Amino acid sequence: MHTQRKYGDLLFNVLNYTFFAAFTIICIFPFYYLFINTISSNDLSSRGLVTFYPKMVHLTNYIEVLQVKGLSQAALVSVGRTVVGTLLTVAASAFLGFLFTKRKMWGRQFWYRFVIVTMYFNAGIIPWYIIMMNLNLTNNYLAYILPAIVSPFYVILVKTFVESIPEVLQESAEMDGAGYLTIFSRIIMPLITPIAATIAIFSAVSQWNSFVDTLFLMTDSKYYTLQFVLYKYLNESTSLAAIIRNSQGSGTNIDLTNMQTATSVRTTVSMIVVLPILFVYPFFQRFFVKGIMIGAVKG
Amino acid sequence: MKTAIRRQSSLSRSSGSIISDRFRLFLFALPFLLLILVFSYFPLYGWLYAFYNYRPGFSLFDTQFVGLQWFRSIVSNPTQTQEVLRVMRNTLAMSGLGIITSVFPVLFAIFLTEIKTTWYKKTVQIFTTLPNFISWVLVYAIAFMMFSVDNGVINKFMMAIGLQEAPVNYLASSEWIWLKMTLWGLWKGLGWGAIMYIAAIASIDQELYDAAKVDGAGRFRMIWHITVPGIMPTYFVLLLLSIANLINNGMEQYFVFQNALNRDTIEVLDLYVYNTGLLGFNFSFATAVSMLKSIISIVLLFIANRLSKMVRGESII
């Protein structure tokens, strides 16, 4: 009886560890596969001969692809919206969340609900598109920034967090004559950095990954984001061909094995799109987890 | 000097009326409230387009008012009825599969907590939550690279182990598309979805397990009688939310994976609205469908909330 259970336990553990090892590999292998294909010989990679380890390593893909005009422009657009959008979102959600903790605010309950309710309804994508068009936000960089500034979920996060800070701190500052803006910048902001960091990370990831807004609103290629350009490269061989021709025309590249191919451009652009995420992810993983937990408590 | 000014302002505040202070707080909030008004409430005005025969390029009121014609056409025009039914079937099928597979994150969490090697557990968690943070475009890029017909690793592998004779174009086929979409969703979201349950398990009183051990309960008995009841409330809330979102499965994933061959089975409501409205220039009809969708989701949300109140005595919104 006892030994039977021991063997059963052992078997369970072996299966359990193996399952999680397998799933972990399934989750990260694609990233590794992309990466080794970008640094391997373009000729081998386009013939599908690079599978488990890099072959004939070179780094020219990254240099050449970044020199493509449309792509560096798209990188600028993506980085810009991520940085500006995130800063504004964090500042706005922190400030609004703080204001909503002030019971004195005129119509506080009403305005708070006015903001929160928008999490649960949605006019639909066509009405949204029509309004964006009427506001002249098509082919306009502001379309990436303005709609994202106030996000009800982040406002809840900040409000809950500020409510957990002892009010005495604010009261004593008020005694010293500090106004709301001073209290917010000097006392609240430093105290809410953990939640502000969580919001920053979430907002940065969603700005960086955003794709649908470009699809709906932007027809001028100077507003294309990296995500959108990647999508185009995957689906339109015409935009790809231009790049490949460009890199061949440069004449400096006599090395036939590393000439740009459809595969090399696609993998390299994918890698450029995913690199920032891979880079920040290990450092900020705990913030992601914290964010979802606070969200869960609030419901 | 600075302190003097401050003292004065504080004096004026304490002696001044409270109303102005109340209003000042509101004025601080006003710009943000306006943003919400513009980007979340104004689009409701767009619902008007569902009652007109709108053509892009004209002003709304120069086009013909048609009343409920578009709504009626969903049920009375056979081709449109068929289209909407097809799209609804796709939507419900993929949401349904999503709800069925929502037990996987629970199982993932339960079995991951059975792993007692901390570094192993941490590593698994870090790597399995990563896919949640990449965009669907990138997921598609990965699918494109790995499942490609001429140089994809999957085709090479399947042929090497003899499961396939010739390369198969997985992405361009409409076979099993609902299941494939669900699997991609799982690949992206399984590890992330489990985080909440892992935390719920961690908050279960350890003494319960100790007591059960003393009574001679084995691993599975403890899972069944302690862990499962412990995470049921969390699962229930998330299940209700996914019921509330039954027809809101978004369009990004389906948009990037769609192609001429799989369109019929991949088109969910949001994607259909995009395809007919923005690409087919049938604005008014698309708005009508989109409006119905919004109303149905609100109703579903209220039903889910009512259910939650009945069962748990707590609301989810």
# chains A, B, ... in the order shown; residues from 1 in each chain; ligands from 1
call {"tool": "select_by_dssp", "arguments": {"residues": "stretch 76-160 of chain A", "states": "alpha helix (DSSP H)", "output": "VMD selection string"}}
result
chain A and resid 76 to 99 108 to 116 125 to 134 142 to 145 152 to 160
call {"tool": "write_last_selection", "arguments": {"atoms": "C-alpha atoms", "output": "compact mmCIF listing (two decimals), in the first residue's frame"}}
result
# COMPACT_ATOMS: atom_id res chain seq x y z
CA LEU A 76 9.76 56.21 -34.55
CA VAL A 77 5.97 56.24 -34.58
CA SER A 78 5.81 53.18 -32.32
CA VAL A 79 8.40 54.42 -29.87
CA GLY A 80 6.82 57.87 -29.81
CA ARG A 81 3.32 56.68 -29.06
CA THR A 82 4.62 54.28 -26.43
CA VAL A 83 6.63 56.92 -24.58
CA VAL A 84 4.21 59.86 -24.86
CA GLY A 85 1.10 57.74 -24.46
CA THR A 86 2.43 55.99 -21.39
CA LEU A 87 3.57 59.18 -19.66
CA LEU A 88 0.22 60.86 -20.21
CA THR A 89 -1.78 57.80 -19.22
CA VAL A 90 0.14 57.36 -15.98
CA ALA A 91 -0.10 61.04 -15.06
CA ALA A 92 -3.78 61.27 -15.93
CA SER A 93 -4.88 58.07 -14.19
CA ALA A 94 -2.85 58.94 -11.10
CA PHE A 95 -4.27 62.46 -10.90
CA LEU A 96 -7.86 61.48 -11.63
CA GLY A 97 -7.70 58.52 -9.26
CA PHE A 98 -6.41 60.86 -6.57
CA LEU A 99 -9.14 63.44 -7.22
CA ARG A 108 -17.97 62.84 -7.03
CA GLN A 109 -20.12 59.68 -7.04
CA PHE A 110 -21.75 60.63 -10.30
CA TRP A 111 -18.54 61.48 -12.12
CA TYR A 112 -16.78 58.40 -10.83
CA ARG A 113 -19.59 56.21 -12.18
CA PHE A 114 -19.56 58.26 -15.40
CA VAL A 115 -15.97 57.12 -15.92
CA ILE A 116 -16.26 53.54 -14.65
CA ILE A 125 -16.35 49.82 -33.86
CA ILE A 126 -18.18 51.54 -36.72
CA PRO A 127 -19.74 54.30 -34.55
CA TRP A 128 -16.33 54.77 -32.95
CA TYR A 129 -14.71 55.05 -36.37
CA ILE A 130 -17.31 57.59 -37.48
CA ILE A 131 -16.66 59.78 -34.45
CA MET A 132 -12.91 59.57 -34.91
CA MET A 133 -13.42 60.61 -38.53
CA ASN A 134 -15.65 63.53 -37.52
CA LEU A 142 -3.18 62.39 -31.77
CA ALA A 143 -5.48 59.43 -32.47
CA TYR A 144 -2.83 57.24 -30.85
CA ILE A 145 -2.57 59.40 -27.76
CA PRO A 152 -11.21 53.62 -16.18
CA PHE A 153 -9.44 50.50 -15.01
CA TYR A 154 -6.25 52.39 -14.12
CA VAL A 155 -8.31 55.06 -12.37
CA ILE A 156 -9.85 52.37 -10.15
CA LEU A 157 -6.39 50.97 -9.39
CA VAL A 158 -5.08 54.37 -8.27
CA LYS A 159 -8.20 55.29 -6.33
CA THR A 160 -8.14 52.02 -4.38
call {"tool": "residues_around", "arguments": {"residues": "stretch 13-17 of chain A", "least_positions_apart": "5", "cutoff": "10 Å", "atoms": "only C-alpha atoms", "output": "NGL selection string"}}
result
(:A and (7-8 or 22)) or (:B and (111-112 or 114-117 or 120-121 or 124))
call {"tool": "write_last_selection", "arguments": {"atoms": "C-alpha atoms", "output": "PDB file, in the first residue's frame"}}
result
ATOM      1  CA  TYR A   7       5.479   4.827  -6.975  1.00  0.00           C
ATOM      2  CA  GLY A   8       2.280   6.599  -7.886  1.00  0.00           C
ATOM      3  CA  ALA A  22       7.137  20.701 -22.588  1.00  0.00           C
TER       4      ALA A  22
ATOM      5  CA  PHE B 111      -0.680  21.093 -11.147  1.00  0.00           C
ATOM      6  CA  LEU B 112       1.910  23.847 -11.104  1.00  0.00           C
ATOM      7  CA  GLU B 114       2.071  20.533  -6.995  1.00  0.00           C
ATOM      8  CA  ILE B 115       5.607  21.249  -8.182  1.00  0.00           C
ATOM      9  CA  LYS B 116       7.659  21.877  -5.072  1.00  0.00           C
ATOM     10  CA  THR B 117      10.926  22.952  -6.707  1.00  0.00           C
ATOM     11  CA  TYR B 120      11.400  25.282 -11.605  1.00  0.00           C
ATOM     12  CA  LYS B 121       8.001  26.697 -10.806  1.00  0.00           C
ATOM     13  CA  VAL B 124       7.780  27.871 -15.875  1.00  0.00           C
TER      14      VAL B 124
END
call {"tool": "atom_distance", "arguments": {"atom1": "atom CA of B:Phe58", "atom2": "atom CA of B:Asn275"}}
result
20.6 Å
call {"tool": "atom_distance", "arguments": {"atom1": "atom CA of B:Thr91", "atom2": "atom CA of A:Cys27"}}
result
26.3 Å
call {"tool": "residues_around", "arguments": {"residues": "stretch 184-198 of chain B", "least_positions_apart": "2", "cutoff": "7 Å", "atoms": "only C-alpha atoms", "output": "list in words"}}
result
Cys27 and Met293 of chain A; Pro105, Val106, Phe108, Ala109, Gln125, Thr128, Thr129, Pro131, Asn132, Lys180, Met181, Thr182, Ala200, Ile201, Ala202 and Ile231 of chain B
call {"tool": "closest_residue", "arguments": {"among": "A:Pro166, A:Pro54, A:Gly179, A:Gly70", "to": "chain B", "atoms": "only C-alpha atoms"}}
result
A:Gly179
